[in-house]
Amino acid sequence: MNTLSKYLVATTAGALLATGASAETFNVTAEVANTIALTETTPLNFGNLYVRRGTGADGGGGPATLTLATTGSFTGTGEGDEATTLSRIVSLGGATAGVLSVTGASPFASVTVTSNATPTDLIHSSGNPALPVVTFDAITTDPAHNAALVLDANGDGDILVGGQMTAATAVAAGTAYAEGTYTGTYVVTVSY
């Protein structure tokens with residue numbers, strides 16, 4: 001075989017290999033799940049309370065405060081120190097710390113709990129603006145604000161919620177507390 005024949009055979013074989021090649025396009029997928037489910041499984045409930053507003057001049061005195069810990073126990077003064085009639089909050093029982101359940105997150109993930117938003121005051125169910133409110137000063141969470149909650153193998157975990165409330169003083173309210181249900185709100189968020 002001469003040199004030209006050898007060249008033609010080599011070129012033809014290379015062309016056959018090139019035309020026998022195959023290029024295919026394949027899909028790649030990713031599912032974005034940006035939502036972490038946060039559900040209230042046990043409502044935060046201060047229970048049954050005796051609440052009396054203060055009638056003093058509020059000149060340097062303080063209103064009654066009561067804190068429901070994330071463990072479900074009460075702490076705080078329960079009574080103010082005004083000059084005349086003290087404001088007072090007394091627990092009559094039935095209080096429960098709140099439980100918020102995180103679900104649907106990544107297994108063993110760490111999420112950050114944010115709980116520093118100011119809650120709304122507890123307002124009487126009648127909506128009567130003449131009635132004093134129970135001031136909902138702050139909430140407390142376990143894990144605390146900006147702390148991490150490490151989730152389990154299913155991507156689940158719980159956040160415990162408590163809070164502090166204050167009875168109205170003479171400056172803040174003109175009438176006595178009415179019997180009935182007082183309701184407010186709070187905000188907790190979780191994020192990766």
# chains A, B, ... in the order shown; residues from 1 in each chain; ligands from 1
call {"tool": "residues_around", "arguments": {"residues": "Val150 (chain A)", "least_positions_apart": "6", "cutoff": "10 Å", "atoms": "only C-alpha atoms", "output": "list in words"}}
result
Pro107, Phe108, Ala109, Ser110, Val111, Thr112, Pro143, Asp156, Gly157 and Asp158 of chain A
call {"tool": "residues_around", "arguments": {"residues": "Thr67 (chain A)", "least_positions_apart": "4", "cutoff": "7 Å", "atoms": "only C-alpha atoms", "output": "count of residues only"}}
result
6
call {"tool": "select_by_dssp", "arguments": {"residues": "region 38-170 of chain A", "states": "strand (DSSP E or B)", "output": "PyMOL selection string"}}
result
chain A and resi 38-42+45+48-52+65-68+74-75+79+88-93+96+98-103+110-114+122-124+134-142+148-150+157-166
call {"tool": "residues_around", "arguments": {"residues": "region 21-37 of chain A", "least_positions_apart": "3", "cutoff": "10 Å", "atoms": "only C-alpha atoms", "output": "JSON, numbers by chain"}}
result
{"A": [16, 17, 18, 100, 101, 102, 103, 104, 105, 106, 111, 155, 156, 189, 190, 191, 192]}
call {"tool": "residues_around", "arguments": {"residues": "Thr140 (chain A)", "least_positions_apart": "4", "cutoff": "9 Å", "atoms": "only C-alpha atoms", "output": "JSON, numbers by chain"}}
result
{"A": [68, 69, 70, 115, 116, 144, 145, 160, 161, 162, 163, 164]}
call {"tool": "write_last_selection", "arguments": {"atoms": "C-alpha atoms", "output": "mmCIF file, in the first residue's frame"}}
result
data_model
loop_
_atom_site.group_PDB
_atom_site.id
_atom_site.type_symbol
_atom_site.label_atom_id
_atom_site.label_comp_id
_atom_site.auth_asym_id
_atom_site.auth_seq_id
_atom_site.Cartn_x
_atom_site.Cartn_y
_atom_site.Cartn_z
ATOM 1 C CA LEU A 68 -45.159 33.311 82.456
ATOM 2 C CA ALA A 69 -41.927 31.371 81.946
ATOM 3 C CA THR A 70 -41.498 28.901 79.086
ATOM 4 C CA SER A 115 -38.867 36.425 68.669
ATOM 5 C CA ASN A 116 -38.131 40.091 69.306
ATOM 6 C CA ALA A 144 -34.204 32.344 73.000
ATOM 7 C CA HIS A 145 -34.327 35.140 70.410
ATOM 8 C CA LEU A 160 -41.619 26.971 73.942
ATOM 9 C CA VAL A 161 -43.235 30.388 74.433
ATOM 10 C CA GLY A 162 -43.897 32.482 77.536
ATOM 11 C CA GLY A 163 -44.331 36.206 78.097
ATOM 12 C CA GLN A 164 -44.649 39.177 80.411
#
call {"tool": "residues_around", "arguments": {"residues": "region 119-136 of chain A", "least_positions_apart": "3", "cutoff": "12 Å", "atoms": "only C-alpha atoms", "output": "PyMOL selection string"}}
result
chain A and resi 45-46+49-54+63-68+87-89+115-116+139-140+162-188
call {"tool": "write_last_selection", "arguments": {"atoms": "C-alpha atoms", "output": "short mmCIF file (atom, residue, chain, number, x, y, z; two decimals), in the first residue's frame"}}
result
data_model
loop_
_atom_site.label_atom_id
_atom_site.label_comp_id
_atom_site.auth_asym_id
_atom_site.auth_seq_id
_atom_site.Cartn_x
_atom_site.Cartn_y
_atom_site.Cartn_z
CA ASN A 45 -52.46 31.07 77.69
CA PHE A 46 -51.99 33.22 80.79
CA LEU A 49 -56.39 36.01 86.28
CA TYR A 50 -57.53 38.60 88.76
CA VAL A 51 -56.42 41.95 87.30
CA ARG A 52 -56.91 45.32 88.95
CA ARG A 53 -55.72 48.60 87.53
CA GLY A 54 -53.91 51.03 89.75
CA PRO A 63 -47.51 48.83 87.56
CA ALA A 64 -47.97 45.17 88.43
CA THR A 65 -46.16 42.77 86.12
CA LEU A 66 -46.33 39.02 85.81
CA THR A 67 -44.16 36.75 83.69
CA LEU A 68 -45.16 33.31 82.46
CA SER A 87 -52.34 47.61 90.37
CA ARG A 88 -52.45 43.86 90.82
CA ILE A 89 -52.31 40.65 88.80
CA SER A 115 -38.87 36.43 68.67
CA ASN A 116 -38.13 40.09 69.31
CA ILE A 139 -42.53 37.21 74.75
CA THR A 140 -39.88 34.76 75.86
CA GLY A 162 -43.90 32.48 77.54
CA GLY A 163 -44.33 36.21 78.10
CA GLN A 164 -44.65 39.18 80.41
CA MET A 165 -47.78 41.24 80.97
CA THR A 166 -48.51 44.44 82.87
CA ALA A 167 -51.71 45.75 84.47
CA ALA A 168 -52.89 49.21 83.51
CA THR A 169 -52.25 52.18 85.74
CA ALA A 170 -54.46 55.19 86.42
CA VAL A 171 -52.86 57.18 83.62
CA ALA A 172 -53.35 54.34 81.16
CA ALA A 173 -56.94 53.43 81.92
CA GLY A 174 -60.04 55.18 83.20
CA THR A 175 -62.19 52.20 84.15
CA ALA A 176 -61.83 48.85 85.85
CA TYR A 177 -61.03 45.61 84.04
CA ALA A 178 -64.17 43.85 82.84
CA GLU A 179 -64.58 40.11 83.23
CA GLY A 180 -64.19 38.15 80.03
CA THR A 181 -61.53 37.03 77.58
CA TYR A 182 -58.64 39.31 76.65
CA THR A 183 -56.72 38.45 73.49
CA GLY A 184 -53.46 39.66 71.94
CA THR A 185 -50.95 38.39 69.39
CA TYR A 186 -47.23 37.70 69.05
CA VAL A 187 -44.84 36.80 66.23
CA VAL A 188 -42.13 34.13 66.06
#
call {"tool": "closest_residue", "arguments": {"among": "A:Val99, A:Leu44, A:Val90, A:Ile159", "to": "Ala147 (chain A)", "atoms": "only C-alpha atoms"}}
result
A:Ile159
call {"tool": "atom_distance", "arguments": {"atom1": "CA of Ser91 (chain A)", "atom2": "CA of Ala117 (chain A)"}}
result
25.4 Å
call {"tool": "atom_distance", "arguments": {"atom1": "CA of Gly93 (chain A)", "atom2": "CA of Pro43 (chain A)"}}
result
15.3 Å
